[in-house]
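One structure is given below, encoded as structure tokens.
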Amino acid sequence: MSSIPASSARAQRPLLERLLIRPREYRHPHAWLAFRMIAGAWNVILGILLLAYKFYWIAWIPLAGAALIFWIAYYVQQHAADRVRELERSRDQVVDDEAARLRRIERDLHDGPQAQMVAVAMKLGLAREKLTGAVTGAAPADVARALELVEAAHRGAKEAITELRELARGIHPSVLDQGLGTALTTLAARSSVPVELVTDLPERPSAATETIAYFCAAELLTNVAKHSGARRATLTVANGAGRLRIRVGDDGGGGARVEAPGGLAGLAERVRTVDGSLQVSSPLGGPTVVTVELPSRV
Amino acid sequence: MRIVIAEDSAVVRAGLTEILADRGHQVAAAVGNAEDLLAAVDEHRPDVTVVDVRMPPGFTDEGLRAAITIRRDHPEVGVLVFSQYIETRYSADLLGAAPGGAAGVGYLLKDRVADVGEFIEALTRVAAGGTALDPEVVTQLLGASRRADGLTTLTAREREVLTLMAEGRSNGAIAARLVVSERAVEKHVANIFSKLGLAPSDADHRRVLAVLRYLGS
């Protein structure tokens, strides 16, 4: 909820709004309204008194002042109300996103590692029967088949381990605890398109910002690999003046657009819910540059 | 035994086919969704089907709906329903679905396949027109039952026998499980029925119904 203007020329909210709607409005809305009403009324009374005593040439000053004060009070009410509505909508979006994310995780677990482990258990169960038969002499020794089953179960177990590891990384990459720079180095290294990474992180942003930034960078790099046809990409991250800027550029075919139901639109929406912004420059024929800005402390 | 498998995960489908083939059973068809299941049952008329509750397209209870349809349209086909989680509501739906009541119905946790012998035994029971309810279901039903006062009149041994009965096992199977004589089991069963005020039933699946009805009332 920063009211400090962004250092770049591009601001999300209009200047007037940023000047007038400050955090103090939310924290003490009634106090400020009362103050403004009293100040306005006081000026009106003063103006009327001046008019009554025929000081026409200065009476307009307090009356104009009263008008300005009342107008500011009205503006603040309107925009504060708008802002609350916007935040409610945002909050609902975040709650829906969370629920959707959890559903996806459950499905991924169910279809991936869980299914693998069921198959592993079945194969080992069968192998156990065959070996029990061989050991107790109750059944003809089918050790070869038992070995086959154990090998297949082993492969399945390794597969499940890989799937679990990927899922865990999708939930929270533990490398992020080392800092955004380190995490992005790994991300850049894993990309199928060579990525040149430049980081300028004199200060660590908050953990929430780092997490969002990481997943933004991951999604943007995936887009580059899947859709751009690029041969090289750049990833720059800079933290300064209360904003964290992530920029992903590629020398591919361009034509990326922010429109629903595309991935970029979803990303833009999610970034907006934390007062961030997303800009795309992607003329047909390339190159493409996507810039995400987030507050350093979400 | 001729079997039709309906399971959306290819990995689990292959595993099930493998176990069943290993025991010499014939897998007439292995499908991945509810529509194909109904078609396969119509075509092959198997002895029993193994059905996953959750299947495409919605991944809610497509398999269960299909299982109930099969019970209604092909009562001679046994239906063994598999689930990742036990939902007691599903067991009520399944058991209530056909005129035979509990006949030829099973509801198991997917975990149970790990014990191949138990799984095949449950499948055979269902194919023969018996019942196979997961111990988890029975535990939940016993726990949730408002008839706790009636159940406390039972001895510990009688509760064990009641649980195994509710799973659909025959007297012989219960005797083997508890390592007692079949005669002893028969006496326990008679005691249970009289203590709970239930009419004695000869058929295994009918007494499952009697017990479940008692627990749910």
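Labels used: A, B, ... for chains in the order of the structure tokens, numbers from 1 for residues in each chain, and numbers from 1 for ligands as shown.
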Just the residues within 10 Å of A:Leu167, please, counting only C-alpha atoms, with nothing from its chain fewer than 5 positions along; format it as a CSV table (one decimal) with all heavy atoms, in the first residue's frame.
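Output file around_11.csv follows:
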chain,number,residue,atom,x,y,z
A,105,ILE,N,-2.8,-29.0,-7.5
A,105,ILE,CA,-1.8,-29.8,-6.8
A,105,ILE,C,-2.3,-31.2,-6.4
A,105,ILE,O,-1.7,-32.2,-6.6
A,105,ILE,CB,-1.3,-29.1,-5.5
A,105,ILE,CG1,-0.5,-27.8,-5.8
A,105,ILE,CG2,-0.5,-30.0,-4.6
A,105,ILE,CD1,-0.2,-27.0,-4.6
A,108,ASP,N,-2.4,-33.2,-9.6
A,108,ASP,CA,-1.1,-33.6,-10.0
A,108,ASP,C,-0.6,-34.8,-9.1
A,108,ASP,O,0.0,-35.7,-9.6
A,108,ASP,CB,-0.1,-32.5,-9.9
A,108,ASP,CG,-0.4,-31.5,-11.1
A,108,ASP,OD1,-1.1,-31.9,-12.0
A,108,ASP,OD2,0.1,-30.3,-11.0
A,109,LEU,N,-0.8,-34.7,-7.8
A,109,LEU,CA,-0.4,-35.7,-6.9
A,109,LEU,C,-1.1,-37.0,-7.2
A,109,LEU,O,-0.5,-38.1,-7.2
A,109,LEU,CB,-0.7,-35.3,-5.4
A,109,LEU,CG,0.3,-34.5,-4.7
A,109,LEU,CD1,-0.2,-34.1,-3.3
A,109,LEU,CD2,1.6,-35.2,-4.5
A,112,GLY,N,-0.1,-38.4,-10.7
A,112,GLY,CA,1.4,-38.7,-10.8
A,112,GLY,C,1.9,-39.7,-9.8
A,112,GLY,O,1.7,-40.9,-9.9
A,113,PRO,N,2.5,-39.2,-8.7
A,113,PRO,CA,3.1,-40.0,-7.7
A,113,PRO,C,2.2,-41.1,-7.1
A,113,PRO,O,2.6,-42.2,-6.9
A,113,PRO,CB,3.6,-39.1,-6.7
A,113,PRO,CG,3.7,-37.7,-7.3
A,113,PRO,CD,2.7,-37.7,-8.4
A,161,ILE,N,9.5,-40.6,-7.5
A,161,ILE,CA,10.4,-39.6,-6.8
A,161,ILE,C,10.6,-38.4,-7.6
A,161,ILE,O,10.6,-37.2,-7.1
A,161,ILE,CB,11.8,-40.3,-6.5
A,161,ILE,CG1,11.6,-41.4,-5.4
A,161,ILE,CG2,12.8,-39.2,-6.0
A,161,ILE,CD1,12.9,-42.2,-5.2
A,162,THR,N,10.9,-38.5,-8.9
A,162,THR,CA,11.1,-37.4,-9.8
A,162,THR,C,9.8,-36.5,-9.8
A,162,THR,O,9.9,-35.3,-9.7
A,162,THR,CB,11.4,-37.9,-11.2
A,162,THR,OG1,12.5,-38.8,-11.2
A,162,THR,CG2,11.7,-36.7,-12.1
A,172,HIS,N,6.9,-24.8,-3.7
A,172,HIS,CA,7.8,-23.8,-3.2
A,172,HIS,C,9.3,-24.3,-3.5
A,172,HIS,O,9.7,-25.2,-2.9
A,172,HIS,CB,7.6,-23.6,-1.7
A,172,HIS,CG,8.7,-22.6,-1.2
A,172,HIS,ND1,8.6,-21.2,-1.2
A,172,HIS,CD2,9.9,-22.9,-0.6
A,172,HIS,CE1,9.7,-20.7,-0.7
A,172,HIS,NE2,10.5,-21.6,-0.3
A,173,PRO,N,10.0,-23.6,-4.4
A,173,PRO,CA,11.3,-24.1,-4.6
A,173,PRO,C,12.2,-23.7,-3.4
A,173,PRO,O,12.3,-22.6,-3.0
A,173,PRO,CB,11.7,-23.3,-5.9
A,173,PRO,CG,10.7,-22.2,-6.0
A,173,PRO,CD,9.6,-22.5,-5.1
Using only C-alpha atoms, which chain B residues lie at most 7 Å away from chain A, written as a ChimeraX atom specification?
/B:9,11-12,15,19,111,113-116
Selection to disk with all heavy atoms, as a compact mmCIF listing (two decimals), in the first residue's frame:
# COMPACT_ATOMS: atom_id res chain seq x y z
N SER B 9 -5.95 -43.91 -14.97
CA SER B 9 -4.49 -43.86 -14.99
C SER B 9 -3.95 -45.08 -15.72
O SER B 9 -4.18 -46.22 -15.31
CB SER B 9 -3.95 -43.84 -13.56
OG SER B 9 -2.60 -44.20 -13.57
N VAL B 11 -1.04 -46.22 -15.90
CA VAL B 11 -0.09 -46.97 -15.08
C VAL B 11 -0.82 -47.98 -14.20
O VAL B 11 -0.46 -49.16 -14.13
CB VAL B 11 0.72 -45.97 -14.21
CG1 VAL B 11 1.45 -46.69 -13.12
CG2 VAL B 11 1.69 -45.19 -15.08
N VAL B 12 -1.89 -47.52 -13.53
CA VAL B 12 -2.62 -48.42 -12.64
C VAL B 12 -3.37 -49.47 -13.44
O VAL B 12 -3.45 -50.64 -13.06
CB VAL B 12 -3.60 -47.62 -11.75
CG1 VAL B 12 -4.42 -48.54 -10.88
CG2 VAL B 12 -2.84 -46.61 -10.91
N GLY B 15 -1.05 -52.18 -14.34
CA GLY B 15 -0.73 -52.96 -13.15
C GLY B 15 -1.83 -53.94 -12.81
O GLY B 15 -1.57 -55.12 -12.50
N ILE B 19 -1.74 -58.12 -12.66
CA ILE B 19 -2.04 -59.00 -11.52
C ILE B 19 -3.07 -60.03 -11.91
O ILE B 19 -2.95 -61.21 -11.57
CB ILE B 19 -2.63 -58.23 -10.33
CG1 ILE B 19 -1.85 -57.02 -9.96
CG2 ILE B 19 -2.75 -59.14 -9.15
CD1 ILE B 19 -2.45 -56.37 -8.75
N ASP B 111 -5.54 -48.52 -2.05
CA ASP B 111 -4.40 -49.08 -1.32
C ASP B 111 -4.48 -50.60 -1.21
O ASP B 111 -3.45 -51.26 -1.10
CB ASP B 111 -4.34 -48.52 0.10
CG ASP B 111 -4.27 -47.00 0.12
OD1 ASP B 111 -4.35 -46.39 -0.96
OD2 ASP B 111 -4.11 -46.44 1.21
N VAL B 113 -5.00 -52.85 -3.26
CA VAL B 113 -4.39 -53.69 -4.30
C VAL B 113 -2.99 -54.12 -3.93
O VAL B 113 -2.46 -55.05 -4.52
CB VAL B 113 -4.28 -52.99 -5.68
CG1 VAL B 113 -5.49 -53.25 -6.49
CG2 VAL B 113 -3.98 -51.55 -5.55
N ALA B 114 -2.39 -53.39 -2.99
CA ALA B 114 -1.02 -53.75 -2.62
C ALA B 114 -0.97 -55.19 -2.11
O ALA B 114 0.01 -55.89 -2.32
CB ALA B 114 -0.49 -52.79 -1.56
N ASP B 115 -2.05 -55.63 -1.47
CA ASP B 115 -2.11 -57.01 -1.01
C ASP B 115 -2.88 -57.81 -2.04
O ASP B 115 -4.11 -57.86 -2.03
CB ASP B 115 -2.81 -57.06 0.35
CG ASP B 115 -2.63 -58.41 1.02
OD1 ASP B 115 -2.49 -59.42 0.29
OD2 ASP B 115 -2.63 -58.46 2.26
N VAL B 116 -2.11 -58.43 -2.94
CA VAL B 116 -2.72 -59.05 -4.12
C VAL B 116 -3.73 -60.13 -3.73
O VAL B 116 -4.82 -60.21 -4.29
CB VAL B 116 -1.61 -59.66 -5.02
CG1 VAL B 116 -2.24 -60.33 -6.21
CG2 VAL B 116 -0.67 -58.56 -5.45
Could you give me the residues within stretch 3-129 of chain B that DSSP places in strand (DSSP E), as a PDB file with all heavy atoms, in the first residue's frame?
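Result saved to out.pdb:
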ATOM      1  N   ILE B   3     -13.147 -60.254 -16.666  1.00  0.00           N
ATOM      2  CA  ILE B   3     -13.165 -58.978 -15.952  1.00  0.00           C
ATOM      3  C   ILE B   3     -13.046 -57.818 -16.923  1.00  0.00           C
ATOM      4  O   ILE B   3     -12.334 -57.909 -17.918  1.00  0.00           O
ATOM      5  CB  ILE B   3     -11.975 -58.911 -14.975  1.00  0.00           C
ATOM      6  CG1 ILE B   3     -12.009 -60.128 -14.037  1.00  0.00           C
ATOM      7  CG2 ILE B   3     -11.991 -57.621 -14.163  1.00  0.00           C
ATOM      8  CD1 ILE B   3     -10.731 -60.350 -13.298  1.00  0.00           C
ATOM      9  N   VAL B   4     -13.751 -56.722 -16.610  1.00  0.00           N
ATOM     10  CA  VAL B   4     -13.571 -55.465 -17.345  1.00  0.00           C
ATOM     11  C   VAL B   4     -13.038 -54.443 -16.351  1.00  0.00           C
ATOM     12  O   VAL B   4     -13.575 -54.289 -15.263  1.00  0.00           O
ATOM     13  CB  VAL B   4     -14.897 -54.970 -17.959  1.00  0.00           C
ATOM     14  CG1 VAL B   4     -14.771 -53.520 -18.396  1.00  0.00           C
ATOM     15  CG2 VAL B   4     -15.291 -55.828 -19.138  1.00  0.00           C
ATOM     16  N   ILE B   5     -11.963 -53.748 -16.741  1.00  0.00           N
ATOM     17  CA  ILE B   5     -11.339 -52.759 -15.856  1.00  0.00           C
ATOM     18  C   ILE B   5     -11.638 -51.357 -16.376  1.00  0.00           C
ATOM     19  O   ILE B   5     -11.519 -51.107 -17.568  1.00  0.00           O
ATOM     20  CB  ILE B   5      -9.815 -52.944 -15.817  1.00  0.00           C
ATOM     21  CG1 ILE B   5      -9.476 -54.348 -15.320  1.00  0.00           C
ATOM     22  CG2 ILE B   5      -9.174 -51.912 -14.913  1.00  0.00           C
ATOM     23  CD1 ILE B   5      -7.995 -54.626 -15.338  1.00  0.00           C
ATOM     24  N   ALA B   6     -12.005 -50.445 -15.471  1.00  0.00           N
ATOM     25  CA  ALA B   6     -12.185 -49.041 -15.854  1.00  0.00           C
ATOM     26  C   ALA B   6     -11.373 -48.183 -14.897  1.00  0.00           C
ATOM     27  O   ALA B   6     -11.683 -48.076 -13.715  1.00  0.00           O
ATOM     28  CB  ALA B   6     -13.659 -48.658 -15.796  1.00  0.00           C
ATOM     29  N   GLN B  26      -9.184 -63.560 -17.069  1.00  0.00           N
ATOM     30  CA  GLN B  26      -9.173 -62.941 -18.389  1.00  0.00           C
ATOM     31  C   GLN B  26      -9.676 -61.504 -18.301  1.00  0.00           C
ATOM     32  O   GLN B  26     -10.805 -61.268 -17.851  1.00  0.00           O
ATOM     33  CB  GLN B  26     -10.079 -63.756 -19.322  1.00  0.00           C
ATOM     34  CG  GLN B  26      -9.944 -63.331 -20.760  1.00  0.00           C
ATOM     35  CD  GLN B  26     -11.185 -63.693 -21.562  1.00  0.00           C
ATOM     36  OE1 GLN B  26     -12.086 -64.374 -21.056  1.00  0.00           O
ATOM     37  NE2 GLN B  26     -11.249 -63.224 -22.780  1.00  0.00           N
ATOM     38  N   VAL B  27      -8.824 -60.581 -18.739  1.00  0.00           N
ATOM     39  CA  VAL B  27      -9.253 -59.186 -18.760  1.00  0.00           C
ATOM     40  C   VAL B  27      -9.866 -58.917 -20.136  1.00  0.00           C
ATOM     41  O   VAL B  27      -9.162 -58.745 -21.118  1.00  0.00           O
ATOM     42  CB  VAL B  27      -8.067 -58.228 -18.508  1.00  0.00           C
ATOM     43  CG1 VAL B  27      -8.509 -56.783 -18.622  1.00  0.00           C
ATOM     44  CG2 VAL B  27      -7.476 -58.492 -17.132  1.00  0.00           C
ATOM     45  N   ALA B  28     -11.213 -58.892 -20.184  1.00  0.00           N
ATOM     46  CA  ALA B  28     -11.896 -58.742 -21.473  1.00  0.00           C
ATOM     47  C   ALA B  28     -11.670 -57.358 -22.069  1.00  0.00           C
ATOM     48  O   ALA B  28     -11.592 -57.202 -23.271  1.00  0.00           O
ATOM     49  CB  ALA B  28     -13.387 -59.014 -21.303  1.00  0.00           C
ATOM     50  N   ALA B  29     -11.587 -56.345 -21.190  1.00  0.00           N
ATOM     51  CA  ALA B  29     -11.363 -54.977 -21.686  1.00  0.00           C
ATOM     52  C   ALA B  29     -10.827 -54.117 -20.560  1.00  0.00           C
ATOM     53  O   ALA B  29     -11.152 -54.332 -19.392  1.00  0.00           O
ATOM     54  CB  ALA B  29     -12.667 -54.385 -22.214  1.00  0.00           C
ATOM     55  N   ALA B  30      -9.979 -53.146 -20.938  1.00  0.00           N
ATOM     56  CA  ALA B  30      -9.469 -52.187 -19.949  1.00  0.00           C
ATOM     57  C   ALA B  30      -9.671 -50.800 -20.533  1.00  0.00           C
ATOM     58  O   ALA B  30      -9.018 -50.435 -21.496  1.00  0.00           O
ATOM     59  CB  ALA B  30      -7.995 -52.452 -19.670  1.00  0.00           C
ATOM     60  N   VAL B  31     -10.601 -50.030 -19.935  1.00  0.00           N
ATOM     61  CA  VAL B  31     -10.970 -48.738 -20.516  1.00  0.00           C
ATOM     62  C   VAL B  31     -10.619 -47.609 -19.571  1.00  0.00           C
ATOM     63  O   VAL B  31     -10.307 -47.841 -18.400  1.00  0.00           O
ATOM     64  CB  VAL B  31     -12.474 -48.689 -20.856  1.00  0.00           C
ATOM     65  CG1 VAL B  31     -12.821 -49.801 -21.833  1.00  0.00           C
ATOM     66  CG2 VAL B  31     -13.311 -48.794 -19.596  1.00  0.00           C
ATOM     67  N   VAL B  48     -17.292 -59.741 -13.504  1.00  0.00           N
ATOM     68  CA  VAL B  48     -17.152 -58.632 -12.559  1.00  0.00           C
ATOM     69  C   VAL B  48     -16.413 -57.476 -13.231  1.00  0.00           C
ATOM     70  O   VAL B  48     -15.631 -57.689 -14.166  1.00  0.00           O
ATOM     71  CB  VAL B  48     -16.390 -59.105 -11.292  1.00  0.00           C
ATOM     72  CG1 VAL B  48     -14.964 -59.496 -11.646  1.00  0.00           C
ATOM     73  CG2 VAL B  48     -16.397 -58.055 -10.195  1.00  0.00           C
ATOM     74  N   THR B  49     -16.689 -56.261 -12.797  1.00  0.00           N
ATOM     75  CA  THR B  49     -15.936 -55.101 -13.311  1.00  0.00           C
ATOM     76  C   THR B  49     -15.233 -54.418 -12.143  1.00  0.00           C
ATOM     77  O   THR B  49     -15.741 -54.404 -11.013  1.00  0.00           O
ATOM     78  CB  THR B  49     -16.844 -54.050 -13.970  1.00  0.00           C
ATOM     79  OG1 THR B  49     -17.724 -53.531 -12.981  1.00  0.00           O
ATOM     80  CG2 THR B  49     -17.645 -54.635 -15.093  1.00  0.00           C
ATOM     81  N   VAL B  50     -14.062 -53.871 -12.454  1.00  0.00           N
ATOM     82  CA  VAL B  50     -13.317 -53.086 -11.471  1.00  0.00           C
ATOM     83  C   VAL B  50     -13.378 -51.643 -11.943  1.00  0.00           C
ATOM     84  O   VAL B  50     -12.935 -51.333 -13.042  1.00  0.00           O
ATOM     85  CB  VAL B  50     -11.846 -53.553 -11.410  1.00  0.00           C
ATOM     86  CG1 VAL B  50     -11.077 -52.699 -10.424  1.00  0.00           C
ATOM     87  CG2 VAL B  50     -11.775 -55.009 -11.020  1.00  0.00           C
ATOM     88  N   VAL B  51     -13.959 -50.758 -11.125  1.00  0.00           N
ATOM     89  CA  VAL B  51     -14.244 -49.400 -11.584  1.00  0.00           C
ATOM     90  C   VAL B  51     -13.648 -48.361 -10.636  1.00  0.00           C
ATOM     91  O   VAL B  51     -13.888 -48.415  -9.427  1.00  0.00           O
ATOM     92  CB  VAL B  51     -15.770 -49.162 -11.644  1.00  0.00           C
ATOM     93  CG1 VAL B  51     -16.066 -47.787 -12.211  1.00  0.00           C
ATOM     94  CG2 VAL B  51     -16.437 -50.232 -12.483  1.00  0.00           C
ATOM     95  N   ASP B  52     -12.920 -47.402 -11.200  1.00  0.00           N
ATOM     96  CA  ASP B  52     -12.420 -46.283 -10.392  1.00  0.00           C
ATOM     97  C   ASP B  52     -13.550 -45.263 -10.247  1.00  0.00           C
ATOM     98  O   ASP B  52     -14.245 -44.976 -11.209  1.00  0.00           O
ATOM     99  CB  ASP B  52     -11.219 -45.649 -11.109  1.00  0.00           C
ATOM    100  CG  ASP B  52     -10.522 -44.590 -10.273  1.00  0.00           C
ATOM    101  OD1 ASP B  52     -11.025 -44.260  -9.174  1.00  0.00           O
ATOM    102  OD2 ASP B  52      -9.475 -44.108 -10.709  1.00  0.00           O
ATOM    103  N   GLY B  78     -20.951 -58.453 -11.321  1.00  0.00           N
ATOM    104  CA  GLY B  78     -20.472 -57.894 -10.052  1.00  0.00           C
ATOM    105  C   GLY B  78     -19.726 -56.597 -10.304  1.00  0.00           C
ATOM    106  O   GLY B  78     -19.097 -56.427 -11.346  1.00  0.00           O
ATOM    107  N   VAL B  79     -19.806 -55.670  -9.341  1.00  0.00           N
ATOM    108  CA  VAL B  79     -19.138 -54.380  -9.510  1.00  0.00           C
ATOM    109  C   VAL B  79     -18.253 -54.098  -8.300  1.00  0.00           C
ATOM    110  O   VAL B  79     -18.743 -54.038  -7.173  1.00  0.00           O
ATOM    111  CB  VAL B  79     -20.166 -53.238  -9.661  1.00  0.00           C
ATOM    112  CG1 VAL B  79     -19.446 -51.908  -9.687  1.00  0.00           C
ATOM    113  CG2 VAL B  79     -20.987 -53.406 -10.916  1.00  0.00           C
ATOM    114  N   LEU B  80     -16.965 -53.952  -8.552  1.00  0.00           N
ATOM    115  CA  LEU B  80     -16.033 -53.603  -7.473  1.00  0.00           C
ATOM    116  C   LEU B  80     -15.552 -52.184  -7.729  1.00  0.00           C
ATOM    117  O   LEU B  80     -14.881 -51.926  -8.721  1.00  0.00           O
ATOM    118  CB  LEU B  80     -14.851 -54.577  -7.462  1.00  0.00           C
ATOM    119  CG  LEU B  80     -13.782 -54.309  -6.391  1.00  0.00           C
ATOM    120  CD1 LEU B  80     -14.366 -54.442  -5.009  1.00  0.00           C
ATOM    121  CD2 LEU B  80     -12.623 -55.274  -6.549  1.00  0.00           C
ATOM    122  N   VAL B  81     -15.936 -51.266  -6.842  1.00  0.00           N
ATOM    123  CA  VAL B  81     -15.592 -49.859  -7.034  1.00  0.00           C
ATOM    124  C   VAL B  81     -14.342 -49.519  -6.224  1.00  0.00           C
ATOM    125  O   VAL B  81     -14.227 -49.865  -5.053  1.00  0.00           O
ATOM    126  CB  VAL B  81     -16.777 -48.963  -6.591  1.00  0.00           C
ATOM    127  CG1 VAL B  81     -16.360 -47.516  -6.616  1.00  0.00           C
ATOM    128  CG2 VAL B  81     -17.962 -49.179  -7.508  1.00  0.00           C
ATOM    129  N   PHE B  82     -13.406 -48.821  -6.891  1.00  0.00           N
ATOM    130  CA  PHE B  82     -12.152 -48.433  -6.278  1.00  0.00           C
ATOM    131  C   PHE B  82     -12.148 -46.974  -5.985  1.00  0.00           C
ATOM    132  O   PHE B  82     -12.613 -46.205  -6.809  1.00  0.00           O
ATOM    133  CB  PHE B  82     -11.050 -48.568  -7.329  1.00  0.00           C
ATOM    134  CG  PHE B  82     -10.240 -49.746  -7.131  1.00  0.00           C
ATOM    135  CD1 PHE B  82      -9.849 -50.500  -8.205  1.00  0.00           C
ATOM    136  CD2 PHE B  82      -9.854 -50.128  -5.874  1.00  0.00           C
ATOM    137  CE1 PHE B  82      -9.086 -51.612  -8.020  1.00  0.00           C
ATOM    138  CE2 PHE B  82      -9.097 -51.233  -5.686  1.00  0.00           C
ATOM    139  CZ  PHE B  82      -8.718 -51.988  -6.777  1.00  0.00           C
ATOM    140  N   SER B  83     -11.550 -46.557  -4.906  1.00  0.00           N
ATOM    141  CA  SER B  83     -11.513 -45.123  -4.671  1.00  0.00           C
ATOM    142  C   SER B  83     -10.214 -44.719  -3.994  1.00  0.00           C
ATOM    143  O   SER B  83      -9.618 -45.501  -3.259  1.00  0.00           O
ATOM    144  CB  SER B  83     -12.707 -44.745  -3.797  1.00  0.00           C
ATOM    145  OG  SER B  83     -12.846 -43.361  -3.732  1.00  0.00           O
ATOM    146  N   VAL B 105     -21.474 -56.517  -4.947  1.00  0.00           N
ATOM    147  CA  VAL B 105     -20.965 -55.141  -4.868  1.00  0.00           C
ATOM    148  C   VAL B 105     -19.732 -55.090  -3.977  1.00  0.00           C
ATOM    149  O   VAL B 105     -19.669 -55.738  -2.957  1.00  0.00           O
ATOM    150  CB  VAL B 105     -22.038 -54.209  -4.264  1.00  0.00           C
ATOM    151  CG1 VAL B 105     -21.404 -52.957  -3.693  1.00  0.00           C
ATOM    152  CG2 VAL B 105     -23.038 -53.809  -5.317  1.00  0.00           C
ATOM    153  N   GLY B 106     -18.757 -54.277  -4.384  1.00  0.00           N
ATOM    154  CA  GLY B 106     -17.593 -54.084  -3.535  1.00  0.00           C
ATOM    155  C   GLY B 106     -17.181 -52.628  -3.575  1.00  0.00           C
ATOM    156  O   GLY B 106     -17.408 -51.948  -4.578  1.00  0.00           O
ATOM    157  N   TYR B 107     -16.588 -52.147  -2.483  1.00  0.00           N
ATOM    158  CA  TYR B 107     -16.107 -50.773  -2.429  1.00  0.00           C
ATOM    159  C   TYR B 107     -14.816 -50.789  -1.641  1.00  0.00           C
ATOM    160  O   TYR B 107     -14.822 -51.015  -0.438  1.00  0.00           O
ATOM    161  CB  TYR B 107     -17.171 -49.905  -1.749  1.00  0.00           C
ATOM    162  CG  TYR B 107     -16.837 -48.438  -1.697  1.00  0.00           C
ATOM    163  CD1 TYR B 107     -16.119 -47.823  -2.704  1.00  0.00           C
ATOM    164  CD2 TYR B 107     -17.250 -47.660  -0.622  1.00  0.00           C
ATOM    165  CE1 TYR B 107     -15.820 -46.473  -2.651  1.00  0.00           C
ATOM    166  CE2 TYR B 107     -16.967 -46.316  -0.562  1.00  0.00           C
ATOM    167  CZ  TYR B 107     -16.246 -45.717  -1.575  1.00  0.00           C
ATOM    168  OH  TYR B 107     -15.971 -44.387  -1.510  1.00  0.00           O
ATOM    169  N   LEU B 108     -13.707 -50.586  -2.362  1.00  0.00           N
ATOM    170  CA  LEU B 108     -12.393 -50.705  -1.724  1.00  0.00           C
ATOM    171  C   LEU B 108     -11.533 -49.471  -1.938  1.00  0.00           C
ATOM    172  O   LEU B 108     -11.669 -48.774  -2.945  1.00  0.00           O
ATOM    173  CB  LEU B 108     -11.625 -51.890  -2.330  1.00  0.00           C
ATOM    174  CG  LEU B 108     -12.127 -53.296  -2.060  1.00  0.00           C
ATOM    175  CD1 LEU B 108     -11.176 -54.293  -2.716  1.00  0.00           C
ATOM    176  CD2 LEU B 108     -12.208 -53.576  -0.580  1.00  0.00           C
ATOM    177  N   LEU B 109     -10.620 -49.253  -1.008  1.00  0.00           N
ATOM    178  CA  LEU B 109      -9.585 -48.238  -1.171  1.00  0.00           C
ATOM    179  C   LEU B 109      -8.563 -48.752  -2.166  1.00  0.00           C
ATOM    180  O   LEU B 109      -8.250 -49.939  -2.155  1.00  0.00           O
ATOM    181  CB  LEU B 109      -8.853 -48.020   0.150  1.00  0.00           C
ATOM    182  CG  LEU B 109      -9.309 -46.885   1.066  1.00  0.00           C
ATOM    183  CD1 LEU B 109      -8.403 -46.840   2.277  1.00  0.00           C
ATOM    184  CD2 LEU B 109      -9.245 -45.558   0.335  1.00  0.00           C
TER     185      LEU B 109
END
Where in stretch 82-210 of chain B does DSSP assign helix (DSSP H, G or I), given as number ranges by chain?
B: 88-96, 110-114, 116-127, 135-144, 148-152, 156-166, 171-178, 182-196, 204-210
To one decimal place, how far is atom CA of A:Ala208 from atom CA of A:Gly249 in Å?
23.9 Å
Can you list, as a list in words, every protein, DNA or RNA residue that comes within 7 Å of B:Gly130 when you count only C-alpha atoms, leaving out same-chain residues fewer than 3 positions away?
Ala103, Gly104, Val105, Arg125, Val126, Gly168, Asp204 and His205 of chain B
Shell around stretch 187-193 of chain A at 12 Å using only C-alpha atoms, local window under 4 positions removed, as JSON, numbers by chain
{"A": [169, 173, 175, 176, 180, 181, 182, 183, 197, 198, 199, 213, 214, 215, 216, 217, 218, 219, 220, 221, 222, 223, 224, 225, 226, 227, 228, 229, 230, 231, 232, 233, 234, 235, 236, 248, 249, 250, 251, 252]}
I'd like the neighbourhood of A:Ile246 as a ChimeraX atom specification, where a residue qualifies if any of its atoms comes within 6 Å (using only C-alpha atoms), though same-chain residues fewer than 2 positions away should be ignored.
/A:236-237,291-292
Any idea what the distance is between atom CA of A:Leu264 and atom CA of A:Pro287?
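Result for atom CA of A:Leu264 versus atom CA of A:Pro287: 16.3 Å, one decimal.
The space separating atom CA of B:Ala128 from atom CA of B:Pro46 comes to 11.9 Å.
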So which residues touch stretch 74-85 of chain A within 10 Å, counting only C-alpha atoms, skipping near sequence neighbours fewer than 4 positions away, as a PyMOL selection string?
chain A and resi 17+20-22+25-26+29+32-33+36+68-70+89-91
Which one of A:Gly255, A:Pro295, A:Gly47, A:Gly262 sits closest to A:Thr209 if you count only C-alpha atoms?
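Ranked by minimum distance to A:Thr209, first place goes to A:Pro295.
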Taking 3 positions as the minimum chain separation for residues in the same chain, which residues sit within 9 Å of B:Gly63 when counting only C-alpha atoms? Answer as a list of chain:residue names.
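The filter keeps B:Ala6, B:Glu7, B:Asn33, B:Ala34, B:Leu37, B:Val51, B:Asp52, B:Val53, B:Arg54, B:Met55, B:Pro56, B:Phe59, B:Thr60, B:Ala66, B:Ala67, B:Ile68, B:Val81, B:Phe82.
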